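As stored in query05.txt (compact mmCIF, C-alpha atoms and all ligand atoms):
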```
# COMPACT_ATOMS: atom_id res chain seq x y z
CA MET A 1 64.72 -135.71 189.67
CA ASN A 2 66.50 -132.44 189.73
CA SER A 3 68.29 -131.78 186.47
CA ALA A 4 68.84 -128.02 186.78
CA PRO A 5 72.47 -127.01 186.15
CA PRO A 6 74.25 -125.25 189.00
CA SER A 7 73.62 -121.52 188.77
CA ALA A 8 76.54 -119.18 188.22
CA ARG A 9 76.48 -118.23 191.90
CA GLU A 10 76.56 -121.83 193.20
CA ALA A 11 79.88 -123.16 194.47
CA PRO A 12 81.17 -125.66 191.88
CA HIS A 13 80.62 -128.65 194.18
CA THR A 14 77.05 -127.73 195.16
CA GLN A 15 73.79 -127.97 193.29
CA PRO A 16 70.36 -126.40 193.88
CA VAL A 17 67.36 -128.68 194.49
CA ARG A 18 63.77 -127.37 194.46
CA VAL A 19 62.44 -127.94 197.98
CA TRP A 20 59.63 -125.36 198.31
CA ASP A 21 57.29 -125.13 195.33
CA LEU A 22 55.77 -121.75 194.48
CA PRO A 23 52.39 -122.52 196.15
CA THR A 24 54.14 -123.35 199.46
CA ARG A 25 56.26 -120.19 199.26
CA LEU A 26 53.25 -117.99 198.47
CA PHE A 27 51.34 -119.70 201.27
CA HIS A 28 54.12 -118.78 203.70
CA TRP A 29 54.62 -115.14 202.77
CA LEU A 30 50.88 -114.42 202.42
CA LEU A 31 50.34 -116.06 205.82
CA LEU A 32 53.01 -113.84 207.36
CA GLY A 33 51.42 -110.69 205.88
CA LEU A 34 47.92 -111.65 207.01
CA VAL A 35 48.98 -112.60 210.55
CA VAL A 36 50.79 -109.26 210.97
CA ALA A 37 47.67 -107.45 209.64
CA LEU A 38 45.46 -109.47 212.03
CA ILE A 39 47.50 -108.57 215.08
CA ILE A 40 47.53 -104.88 214.13
CA THR A 41 43.82 -104.68 213.24
CA GLY A 42 42.89 -106.75 216.34
CA GLN A 43 44.75 -104.28 218.56
CA LEU A 44 43.29 -101.24 216.78
CA GLY A 45 39.70 -102.57 217.03
CA GLY A 46 36.79 -100.27 216.07
CA GLY A 47 36.30 -99.89 212.33
CA TRP A 48 39.36 -102.04 211.66
CA MET A 49 37.50 -105.16 212.77
CA GLU A 50 35.88 -105.55 209.33
CA TRP A 51 39.42 -105.85 207.93
CA HIS A 52 40.35 -108.11 210.83
CA ALA A 53 37.59 -110.51 209.77
CA ARG A 54 38.59 -110.38 206.08
CA CYS A 55 42.22 -111.15 206.91
CA GLY A 56 41.02 -113.92 209.26
CA TYR A 57 39.05 -115.51 206.40
CA GLY A 58 42.23 -115.24 204.32
CA VAL A 59 44.19 -117.20 206.96
CA PHE A 60 41.33 -119.73 207.18
CA THR A 61 41.56 -120.22 203.39
CA LEU A 62 45.36 -120.57 203.49
CA LEU A 63 45.20 -123.13 206.30
CA LEU A 64 42.67 -125.27 204.41
CA PHE A 65 44.85 -124.97 201.32
CA ARG A 66 47.94 -126.05 203.27
CA LEU A 67 46.09 -129.13 204.56
CA VAL A 68 45.24 -130.12 200.98
CA TRP A 69 48.73 -129.23 199.73
CA GLY A 70 50.20 -131.34 202.52
CA VAL A 71 48.61 -134.31 200.77
CA VAL A 72 48.80 -133.47 197.05
CA GLY A 73 51.59 -130.83 196.92
CA GLY A 74 55.30 -130.92 196.12
CA HIS A 75 57.41 -133.72 197.64
CA HIS A 76 58.87 -131.70 200.54
CA SER A 77 55.56 -129.99 201.34
CA ARG A 78 53.77 -133.31 201.91
CA PHE A 79 53.11 -134.18 205.54
CA VAL A 80 54.20 -137.80 205.01
CA HIS A 81 57.62 -136.54 203.95
CA PHE A 82 58.25 -134.27 206.91
CA LEU A 83 56.11 -135.47 209.83
CA PRO A 84 58.77 -136.80 212.22
CA SER A 85 58.58 -140.32 213.63
CA ALA A 86 59.61 -140.85 217.27
CA ALA A 87 62.87 -142.41 216.02
CA ARG A 88 63.73 -139.42 213.78
CA LEU A 89 62.97 -137.03 216.63
CA ARG A 90 65.21 -138.96 219.03
CA ALA A 91 67.99 -138.95 216.43
CA ALA A 92 67.56 -135.20 215.89
CA LEU A 93 67.64 -134.51 219.64
CA SER A 94 70.76 -136.58 220.20
CA GLN A 95 72.34 -134.75 217.24
CA VAL A 96 71.65 -131.44 219.02
CA TRP A 97 73.65 -132.63 222.07
CA ARG A 98 76.29 -134.82 220.46
CA GLY A 99 76.50 -133.61 216.86
CA PRO A 100 77.64 -133.66 214.15
CA HIS A 101 75.01 -131.36 212.68
CA VAL A 102 73.45 -132.70 209.50
CA THR A 103 71.65 -130.17 207.27
CA ALA A 104 68.15 -131.46 206.57
CA VAL A 105 66.44 -131.16 203.20
CA GLY A 106 63.16 -129.29 203.74
CA HIS A 107 61.92 -129.17 207.35
CA ASN A 108 64.17 -130.87 209.90
CA PRO A 109 62.31 -133.02 212.51
CA MET A 110 62.30 -130.26 215.18
CA GLY A 111 61.33 -127.64 212.57
CA ALA A 112 58.49 -129.90 211.48
CA LEU A 113 57.13 -129.93 215.04
CA SER A 114 57.25 -126.14 215.23
CA VAL A 115 55.46 -125.93 211.86
CA LEU A 116 52.72 -128.23 213.16
CA ALA A 117 52.41 -126.19 216.36
CA LEU A 118 52.13 -122.98 214.32
CA LEU A 119 49.45 -124.46 212.04
CA LEU A 120 47.51 -125.82 215.04
CA VAL A 121 47.62 -122.54 216.99
CA LEU A 122 46.63 -120.59 213.86
CA GLY A 123 43.71 -123.00 213.33
CA LEU A 124 42.57 -122.48 216.93
CA GLN A 125 42.92 -118.72 216.53
CA VAL A 126 40.69 -118.73 213.45
CA ALA A 127 38.16 -121.13 215.04
CA SER A 128 37.92 -119.06 218.24
CA GLY A 129 37.73 -115.81 216.22
CA LEU A 130 34.77 -117.13 214.24
CA VAL A 131 32.72 -117.47 217.44
CA SER A 132 34.17 -114.49 219.38
CA ASP A 133 32.06 -111.56 220.47
CA ASP A 134 33.44 -108.26 221.79
CA GLU A 135 29.98 -107.51 223.24
CA ILE A 136 30.15 -103.96 221.84
CA ALA A 137 30.15 -103.72 218.09
CA PHE A 138 31.77 -106.75 216.48
CA SER A 139 31.28 -110.47 216.59
CA GLY A 140 32.54 -113.42 214.57
CA PRO A 141 30.05 -114.77 211.99
CA LEU A 142 29.40 -117.99 213.92
CA SER A 143 29.01 -116.42 217.38
CA ALA A 144 25.21 -116.57 217.20
CA ARG A 145 25.45 -120.31 216.49
CA VAL A 146 26.97 -121.11 219.90
CA SER A 147 25.86 -120.45 223.48
CA THR A 148 27.01 -117.22 225.19
CA ASP A 149 29.19 -119.32 227.53
CA TRP A 150 31.07 -120.83 224.57
CA ALA A 151 31.35 -117.42 222.89
CA SER A 152 32.86 -115.91 226.09
CA LEU A 153 35.28 -118.80 226.47
CA ALA A 154 36.34 -118.51 222.81
CA THR A 155 36.75 -114.72 223.12
CA TRP A 156 38.91 -115.15 226.22
CA TYR A 157 41.04 -117.79 224.45
CA HIS A 158 41.31 -115.61 221.30
CA LYS A 159 42.35 -112.43 223.16
CA VAL A 160 44.37 -113.80 226.05
CA VAL A 161 45.79 -117.26 225.32
CA GLY A 162 45.84 -117.71 221.52
CA LYS A 163 47.28 -114.28 220.76
CA ARG A 164 50.22 -114.75 223.18
CA LEU A 165 50.81 -118.35 222.16
CA LEU A 166 50.94 -117.36 218.50
CA ILE A 167 53.29 -114.42 219.09
CA ALA A 168 55.58 -116.65 221.21
CA LEU A 169 55.68 -119.35 218.52
CA VAL A 170 56.44 -116.83 215.78
CA VAL A 171 59.27 -115.32 217.85
CA LEU A 172 60.70 -118.83 218.46
CA HIS A 173 60.28 -119.63 214.75
CA VAL A 174 62.27 -116.59 213.68
CA LEU A 175 64.93 -117.14 216.39
CA ALA A 176 65.39 -120.76 215.24
CA ILE A 177 65.91 -119.57 211.66
CA VAL A 178 68.43 -116.93 212.75
CA TYR A 179 70.21 -119.59 214.90
CA HIS A 180 70.50 -121.97 211.92
CA ARG A 181 71.85 -119.13 209.79
CA PHE A 182 74.61 -118.12 212.17
CA ARG A 183 75.39 -121.45 213.88
CA PHE A 184 75.30 -123.71 210.81
CA GLY A 185 75.35 -121.24 207.89
CA GLU A 186 72.01 -122.58 206.60
CA ARG A 187 70.16 -120.13 204.37
CA LEU A 188 66.61 -121.26 205.14
CA VAL A 189 65.04 -117.90 204.23
CA THR A 190 66.67 -117.94 200.78
CA ALA A 191 65.11 -121.37 200.23
CA MET A 192 61.68 -120.08 201.33
CA VAL A 193 62.06 -117.13 198.90
CA LYS A 194 63.61 -118.78 195.85
CA GLY A 195 62.47 -122.36 196.41
CA ASP A 196 65.89 -124.02 196.06
CA GLN A 197 68.20 -125.47 198.67
CA SER A 198 71.85 -125.78 197.87
CA MET A 199 73.50 -129.12 198.61
CA SER A 200 76.42 -131.27 197.59
CA ARG A 201 76.11 -133.01 194.22
CA GLU A 202 76.12 -136.41 195.93
CA GLN A 203 73.23 -135.39 198.18
CA ALA A 204 71.39 -133.72 195.25
CA VAL A 205 71.46 -136.95 193.26
CA GLN A 206 69.75 -138.79 196.12
CA THR A 207 67.23 -136.04 196.90
CA PRO A 208 63.86 -135.91 195.16
CA SER A 209 62.96 -132.36 194.07
CA SER A 210 59.48 -130.89 194.53
CA ARG A 211 57.64 -130.64 191.20
CA ASP A 212 56.94 -126.96 190.56
CA GLY A 213 55.79 -126.51 186.97
CA LEU A 214 52.82 -124.72 185.42
CA ARG A 215 50.63 -127.81 185.86
CA GLU A 216 51.28 -127.96 189.62
CA ARG A 217 50.70 -124.21 189.97
CA VAL A 218 47.35 -124.34 188.14
CA HIS A 219 46.42 -127.32 190.29
CA ALA A 220 47.27 -125.29 193.43
CA LEU A 221 45.22 -122.30 192.23
CA ALA A 222 42.22 -124.54 191.64
CA TRP A 223 42.51 -125.94 195.18
CA LEU A 224 42.91 -122.44 196.61
CA LEU A 225 39.64 -121.40 194.94
CA VAL A 226 37.88 -124.47 196.33
CA CYS A 227 39.18 -123.61 199.83
CA ALA A 228 38.02 -119.98 199.45
CA GLY A 229 34.59 -121.31 198.42
CA VAL A 230 34.42 -123.48 201.56
CA VAL A 231 35.34 -120.50 203.78
CA ARG A 232 32.72 -118.34 202.09
CA ALA A 233 30.08 -121.03 202.63
CA VAL A 234 31.01 -121.30 206.35
CA VAL A 235 30.83 -117.52 206.82
CA GLN A 236 27.50 -117.25 204.97
CA TRP A 237 26.10 -120.15 206.98
CA GLY A 238 26.79 -118.06 210.07
CA GLY A 239 24.98 -115.08 208.51
CA GLY A 240 28.15 -113.09 207.65
CA THR A 241 29.04 -111.63 204.26
C1 LIG B 1 53.56 -114.37 211.34
C2 LIG B 1 54.74 -114.83 211.09
C3 LIG B 1 55.05 -116.22 210.54
C4 LIG B 1 54.29 -117.33 210.48
C5 LIG B 1 52.85 -117.53 210.95
C6 LIG B 1 55.10 -118.37 209.85
C7 LIG B 1 54.68 -119.66 209.61
C8 LIG B 1 55.42 -120.64 208.98
C9 LIG B 1 54.94 -121.94 208.61
C10 LIG B 1 53.52 -122.45 208.86
C11 LIG B 1 55.96 -122.60 208.02
C12 LIG B 1 55.91 -123.97 207.39
C13 LIG B 1 55.80 -123.80 205.88
C14 LIG B 1 55.16 -124.98 205.22
O1 LIG B 1 55.68 -126.11 205.24
O2 LIG B 1 54.06 -124.79 204.67
C15 LIG B 1 57.11 -121.73 208.01
C16 LIG B 1 58.36 -122.03 207.49
C17 LIG B 1 59.37 -121.12 207.37
N1 LIG B 1 59.34 -119.79 207.74
FE1 LIG B 1 57.87 -118.84 208.65
N2 LIG B 1 56.34 -117.85 209.55
C18 LIG B 1 56.34 -116.54 209.96
C19 LIG B 1 57.36 -115.64 209.87
C20 LIG B 1 58.56 -115.90 209.26
C21 LIG B 1 59.63 -114.93 209.09
C22 LIG B 1 59.57 -113.46 209.55
C23 LIG B 1 60.63 -115.58 208.44
C24 LIG B 1 61.98 -115.03 208.04
C25 LIG B 1 62.84 -114.67 208.94
C26 LIG B 1 60.20 -116.94 208.21
C27 LIG B 1 60.93 -117.90 207.57
C28 LIG B 1 60.55 -119.22 207.40
C29 LIG B 1 61.41 -120.23 206.82
C30 LIG B 1 62.83 -120.03 206.34
C31 LIG B 1 60.68 -121.42 206.82
C32 LIG B 1 61.18 -122.78 206.36
C33 LIG B 1 61.78 -123.44 207.58
C34 LIG B 1 62.48 -124.74 207.26
O3 LIG B 1 63.34 -124.75 206.38
O4 LIG B 1 62.15 -125.77 207.91
N3 LIG B 1 58.94 -117.10 208.72
N4 LIG B 1 56.74 -120.53 208.60
C1 LIG B 2 45.02 -116.21 212.76
C2 LIG B 2 43.95 -115.47 212.78
C3 LIG B 2 43.68 -114.39 213.82
C4 LIG B 2 44.54 -113.69 214.63
C5 LIG B 2 46.06 -113.81 214.71
C6 LIG B 2 43.75 -112.79 215.43
C7 LIG B 2 44.25 -111.91 216.36
C8 LIG B 2 43.47 -111.07 217.16
C9 LIG B 2 44.00 -110.11 218.09
C10 LIG B 2 45.48 -109.84 218.35
C11 LIG B 2 42.94 -109.49 218.68
C12 LIG B 2 43.02 -108.37 219.75
C13 LIG B 2 43.01 -109.01 221.10
C14 LIG B 2 43.11 -107.99 222.20
O1 LIG B 2 42.16 -107.20 222.37
O2 LIG B 2 44.16 -107.96 222.86
C15 LIG B 2 41.74 -110.05 218.13
C16 LIG B 2 40.46 -109.70 218.49
C17 LIG B 2 39.32 -110.18 217.88
N1 LIG B 2 39.27 -111.05 216.82
FE1 LIG B 2 40.85 -111.99 215.96
N2 LIG B 2 42.42 -112.94 215.09
C18 LIG B 2 42.35 -113.91 214.10
C19 LIG B 2 41.22 -114.36 213.46
C20 LIG B 2 39.94 -113.87 213.69
C21 LIG B 2 38.76 -114.25 212.96
C22 LIG B 2 38.70 -115.22 211.76
C23 LIG B 2 37.72 -113.60 213.52
C24 LIG B 2 36.27 -113.63 213.09
C25 LIG B 2 35.82 -112.94 212.10
C26 LIG B 2 38.22 -112.81 214.62
C27 LIG B 2 37.47 -112.05 215.47
C28 LIG B 2 37.94 -111.28 216.51
C29 LIG B 2 37.09 -110.54 217.43
C30 LIG B 2 35.56 -110.53 217.48
C31 LIG B 2 37.96 -109.85 218.29
C32 LIG B 2 37.58 -108.86 219.41
C33 LIG B 2 37.51 -109.57 220.72
C34 LIG B 2 37.23 -108.57 221.84
O3 LIG B 2 37.80 -107.46 221.83
O4 LIG B 2 36.44 -108.91 222.73
N3 LIG B 2 39.60 -112.99 214.68
N4 LIG B 2 42.09 -111.00 217.20
```
Hey, can you dump this file as structure tokens for me?
Amino acid sequence: MNSAPPSAREAPHTQPVRVWDLPTRLFHWLLLGLVVALIITGQLGGGWMEWHARCGYGVFTLLLFRLVWGVVGGHHSRFVHFLPSAARLRAALSQVWRGPHVTAVGHNPMGALSVLALLLVLGLQVASGLVSDDEIAFSGPLSARVSTDWASLATWYHKVVGKRLLIALVVLHVLAIVYHRFRFGERLVTAMVKGDQSMSREQAVQTPSSRDGLRERVHALAWLLVCAGVVRAVVQWGGGT
């Protein structure tokens, strides 16, 4: 349970609850940095493709980590606690039309869908990148393991479909956050930076907080290293370094 006293800057009737543990927050901001670097290096091409691949392996590692953390991580990061059921989605949609707006703890049902779409499209982008071939100077480490037809299809998806889909989802993601800030006054970015979401005391009492101590952080680091090891093994299996 959350026993932290309200900070000096909290309104007297609100209380902070830890929703995003440090591993989830680091996952998010590292992912953002790597995706920006991937889009820039992908567009620059040439000698930047070595960095493109390294950043791509970084995203691959983060995605594997997030899958594991979605099972063993903090309460609000676990898939079972935010994957929306059909009933919750219907309720969320009818709330959009009829109101009143209820601030969700962690991802709201629609937000959860956009998170899943982002993770899926990122996964496809990494998978297609691994087997892509620019037919000039650079190819993904697994491109020699698939037929040239599959490599061409993957390269087309990676350059034409996946890139645009990802950029569109990220733009929607940011617009949704800005909308929640100005329409409902919800400070989602603050929560993704500091980890805490502010809520009424009554709601805080009923809300489980995400465990975020040293033990959980060491646990997360150990899983991250395992995920990096898996990515390294996949790349080496393809003959990359
Ligand atoms: C390349 C760009 C980005 C990607 C790929 C991305 C991806 C994601 C993902 C996967 C999540 C789910 C986190 C989790 O449960 O593990 C998330 C949540 C979130 N992101 Fe981003 N993000 C990006 C950019 C941004 C930017 C620029 C902002 C700030 C304006 C932002 C703010 C947030 C916030 C506040 C949440 C939590 C949403 C909620 O409360 O439901 N993201 N993002
Ligand atoms: C989320 C991860 C990734 C993103 C967002 C991404 C993004 C991009 C972008 C924007 C381009 C330029 C497309 C264009 O020319 O318009 C590109 C090209 C390319 N990427 Fe990625 N990439 C990712 C992961 C990877 C990975 C893991 C690899 C493999 C090591 C890879 C290999 C390639 C190759 C070979 C090209 C050149 C394709 C060509 O010009 O024919 N990418 N990528």
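Distance-wise, atom CA of Ile167 of chain A and atom C12 of ligand LIG 1 (chain B) end up 15.3 Å apart.
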Within 9 Å of Gln125 of chain A, counting only C-alpha atoms, which residues qualify if same-chain residues fewer than 5 places away don't, as an MDAnalysis selection string?
chainID A and resid 56 120 130 157:158 162:163 166
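Between atom CA of Val131 of chain A and atom CA of Leu153 of chain A the interatomic distance comes to 9.5 Å.
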Residues of chain A within 6 Å of ligand LIG 2 (chain B): nearest atom pair and distance (Å, one decimal) for each, counting only C-alpha atoms and all ligand atoms, sorted by chain and number, as a Markdown table?
```
| residue | atom | partner | partner_atom | distance |
| --- | --- | --- | --- | --- |
| A:Val35 | CA | B:LIG2 | C5 | 5.2 |
| A:Leu38 | CA | B:LIG2 | C4 | 5.0 |
| A:Ile39 | CA | B:LIG2 | C10 | 4.0 |
| A:Gly42 | CA | B:LIG2 | C11 | 3.6 |
| A:Gln43 | CA | B:LIG2 | C12 | 4.6 |
| A:Ala53 | CA | B:LIG2 | C25 | 3.8 |
| A:Gly56 | CA | B:LIG2 | C22 | 3.6 |
| A:Tyr57 | CA | B:LIG2 | C22 | 5.4 |
| A:Val59 | CA | B:LIG2 | C1 | 5.9 |
| A:Leu122 | CA | B:LIG2 | C1 | 4.8 |
| A:Gln125 | CA | B:LIG2 | C1 | 5.0 |
| A:Val126 | CA | B:LIG2 | C22 | 4.4 |
| A:Gly129 | CA | B:LIG2 | C26 | 3.4 |
| A:Leu130 | CA | B:LIG2 | C24 | 4.0 |
| A:Ser132 | CA | B:LIG2 | C30 | 4.6 |
| A:Asp133 | CA | B:LIG2 | C30 | 4.7 |
| A:Asp134 | CA | B:LIG2 | O4 | 3.2 |
| A:Phe138 | CA | B:LIG2 | C30 | 5.4 |
| A:Ser139 | CA | B:LIG2 | C30 | 4.4 |
| A:Gly140 | CA | B:LIG2 | C24 | 4.0 |
| A:Thr155 | CA | B:LIG2 | C33 | 5.7 |
| A:Lys159 | CA | B:LIG2 | C13 | 4.0 |
| A:Lys163 | CA | B:LIG2 | C10 | 5.4 |
```
Counting only C-alpha atoms, which of A:Ala37, A:Ala112, A:Leu44, A:Ala176 gets nearest to Arg78 of chain A?
A:Ala112
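In this model, the gap between atom CA of Leu224 of chain A and atom CA of Arg66 of chain A comes to 9.1 Å.
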7 Å shell around ligand LIG 1 (chain B) using only C-alpha atoms and all ligand atoms, listed as a PyMOL selection string
chain A and resi 24+27-28+31-33+35-36+66+77+106-108+111-112+115+118-119+170+173-174+177+188-189+191-192
Per residue of segment 56-146 of chain A within 9 Å of segment 211-216 of chain A, record the nearest atom pair and its distance in Å to one decimal, counting only C-alpha atoms, with rows in chain order and ascending residue number, as JSON lines.
```
{"residue": "A:Gly73", "atom": "CA", "partner": "A:Glu216", "partner_atom": "CA", "distance": 7.9}
{"residue": "A:Gly74", "atom": "CA", "partner": "A:Arg211", "partner_atom": "CA", "distance": 5.5}
{"residue": "A:His75", "atom": "CA", "partner": "A:Arg211", "partner_atom": "CA", "distance": 7.1}
```
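Among the candidates A:Ala91, A:Val68, A:Ala127, A:Leu62, the one nearest to Pro141 of chain A when counting all atoms listed in the file is A:Ala127.
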Which polymer residues have any atom within 12 Å of an atom of segment 193-200 of chain A, counting all atoms listed in the file, with same-chain residues fewer than 3 positions away left out, as a ChimeraX atom specification?
/A:2,4-7,9-29,74,76-77,102-107,185-190,203-212
Take the residues just selected and output them with C-alpha atoms as a compact mmCIF listing (two decimals), in the frame of the given file.
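As written to disk, again00.txt reads:
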```
# COMPACT_ATOMS: atom_id res chain seq x y z
CA ASN A 2 66.50 -132.44 189.73
CA ALA A 4 68.84 -128.02 186.78
CA PRO A 5 72.47 -127.01 186.15
CA PRO A 6 74.25 -125.25 189.00
CA SER A 7 73.62 -121.52 188.77
CA ARG A 9 76.48 -118.23 191.90
CA GLU A 10 76.56 -121.83 193.20
CA ALA A 11 79.88 -123.16 194.47
CA PRO A 12 81.17 -125.66 191.88
CA HIS A 13 80.62 -128.65 194.18
CA THR A 14 77.05 -127.73 195.16
CA GLN A 15 73.79 -127.97 193.29
CA PRO A 16 70.36 -126.40 193.88
CA VAL A 17 67.36 -128.68 194.49
CA ARG A 18 63.77 -127.37 194.46
CA VAL A 19 62.44 -127.94 197.98
CA TRP A 20 59.63 -125.36 198.31
CA ASP A 21 57.29 -125.13 195.33
CA LEU A 22 55.77 -121.75 194.48
CA PRO A 23 52.39 -122.52 196.15
CA THR A 24 54.14 -123.35 199.46
CA ARG A 25 56.26 -120.19 199.26
CA LEU A 26 53.25 -117.99 198.47
CA PHE A 27 51.34 -119.70 201.27
CA HIS A 28 54.12 -118.78 203.70
CA TRP A 29 54.62 -115.14 202.77
CA GLY A 74 55.30 -130.92 196.12
CA HIS A 76 58.87 -131.70 200.54
CA SER A 77 55.56 -129.99 201.34
CA VAL A 102 73.45 -132.70 209.50
CA THR A 103 71.65 -130.17 207.27
CA ALA A 104 68.15 -131.46 206.57
CA VAL A 105 66.44 -131.16 203.20
CA GLY A 106 63.16 -129.29 203.74
CA HIS A 107 61.92 -129.17 207.35
CA GLY A 185 75.35 -121.24 207.89
CA GLU A 186 72.01 -122.58 206.60
CA ARG A 187 70.16 -120.13 204.37
CA LEU A 188 66.61 -121.26 205.14
CA VAL A 189 65.04 -117.90 204.23
CA THR A 190 66.67 -117.94 200.78
CA GLN A 203 73.23 -135.39 198.18
CA ALA A 204 71.39 -133.72 195.25
CA VAL A 205 71.46 -136.95 193.26
CA GLN A 206 69.75 -138.79 196.12
CA THR A 207 67.23 -136.04 196.90
CA PRO A 208 63.86 -135.91 195.16
CA SER A 209 62.96 -132.36 194.07
CA SER A 210 59.48 -130.89 194.53
CA ARG A 211 57.64 -130.64 191.20
CA ASP A 212 56.94 -126.96 190.56
```
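When only C-alpha atoms are used to measure the gap to Val80 of chain A, the shortest distance among A:Leu67, A:Leu142, A:Trp48, A:Cys55 belongs to A:Leu67.
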Taking 3 positions as the minimum chain separation for residues in the same chain, which residues sit within 12 Å of Ala86 of chain A when counting all atoms listed in the file? Answer as a PyMOL selection string.
chain A and resi 83+89-93+109-110+113
Hey, can I get the axis-aligned box for segment 163-168 of chain A? All listed atoms, 6 Å padding on each side, centre and edge lengths in Å to one decimal, as AutoDock Vina command-line options.
```
--center_x 51.4 --center_y -116.3 --center_z 220.8 --size_x 20.3 --size_y 16.1 --size_z 16.7
```
Output: segment 127-143 of chain A of the preceding structure, restricted to N, CA and C atoms, written as a short mmCIF file (atom, residue, chain, number, x, y, z; two decimals), in the first residue's frame.
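Okay, this is what ended up in result.cif:
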```cif
data_model
loop_
_atom_site.label_atom_id
_atom_site.label_comp_id
_atom_site.auth_asym_id
_atom_site.auth_seq_id
_atom_site.Cartn_x
_atom_site.Cartn_y
_atom_site.Cartn_z
N ALA A 127 11.84 -6.58 -36.15
CA ALA A 127 11.89 -7.87 -36.86
C ALA A 127 12.19 -7.65 -38.34
N SER A 128 11.52 -6.66 -38.96
CA SER A 128 11.76 -6.44 -40.39
C SER A 128 13.16 -5.87 -40.62
N GLY A 129 13.62 -5.03 -39.69
CA GLY A 129 14.98 -4.47 -39.81
C GLY A 129 16.04 -5.57 -39.79
N LEU A 130 15.82 -6.56 -38.94
CA LEU A 130 16.83 -7.63 -38.79
C LEU A 130 17.04 -8.38 -40.11
N VAL A 131 16.00 -8.43 -40.96
CA VAL A 131 16.16 -9.17 -42.21
C VAL A 131 16.18 -8.24 -43.44
N SER A 132 16.27 -6.92 -43.21
CA SER A 132 16.28 -5.97 -44.33
C SER A 132 17.64 -5.96 -45.03
N ASP A 133 17.60 -5.51 -46.28
CA ASP A 133 18.84 -5.43 -47.05
C ASP A 133 18.72 -4.24 -48.00
N ASP A 134 19.65 -3.26 -47.87
CA ASP A 134 19.52 -2.09 -48.76
C ASP A 134 20.14 -2.35 -50.14
N GLU A 135 20.67 -3.56 -50.31
CA GLU A 135 21.26 -4.01 -51.58
C GLU A 135 22.41 -3.14 -52.05
N ILE A 136 22.97 -2.32 -51.14
CA ILE A 136 24.16 -1.53 -51.50
C ILE A 136 25.27 -1.87 -50.52
N ALA A 137 25.09 -1.43 -49.27
CA ALA A 137 26.20 -1.57 -48.34
C ALA A 137 25.81 -2.15 -47.00
N PHE A 138 24.49 -2.16 -46.69
CA PHE A 138 24.12 -2.56 -45.33
C PHE A 138 22.95 -3.53 -45.34
N SER A 139 23.09 -4.55 -44.50
CA SER A 139 21.95 -5.47 -44.36
C SER A 139 21.82 -5.88 -42.91
N GLY A 140 20.58 -6.21 -42.52
CA GLY A 140 20.34 -6.68 -41.16
C GLY A 140 21.05 -8.01 -40.95
N PRO A 141 21.38 -8.36 -39.69
CA PRO A 141 22.18 -9.56 -39.43
C PRO A 141 21.51 -10.88 -39.81
N LEU A 142 20.17 -10.86 -39.95
CA LEU A 142 19.50 -12.13 -40.27
C LEU A 142 19.08 -12.20 -41.73
N SER A 143 19.50 -11.19 -42.54
CA SER A 143 19.00 -11.15 -43.92
C SER A 143 19.47 -12.36 -44.73
#
```
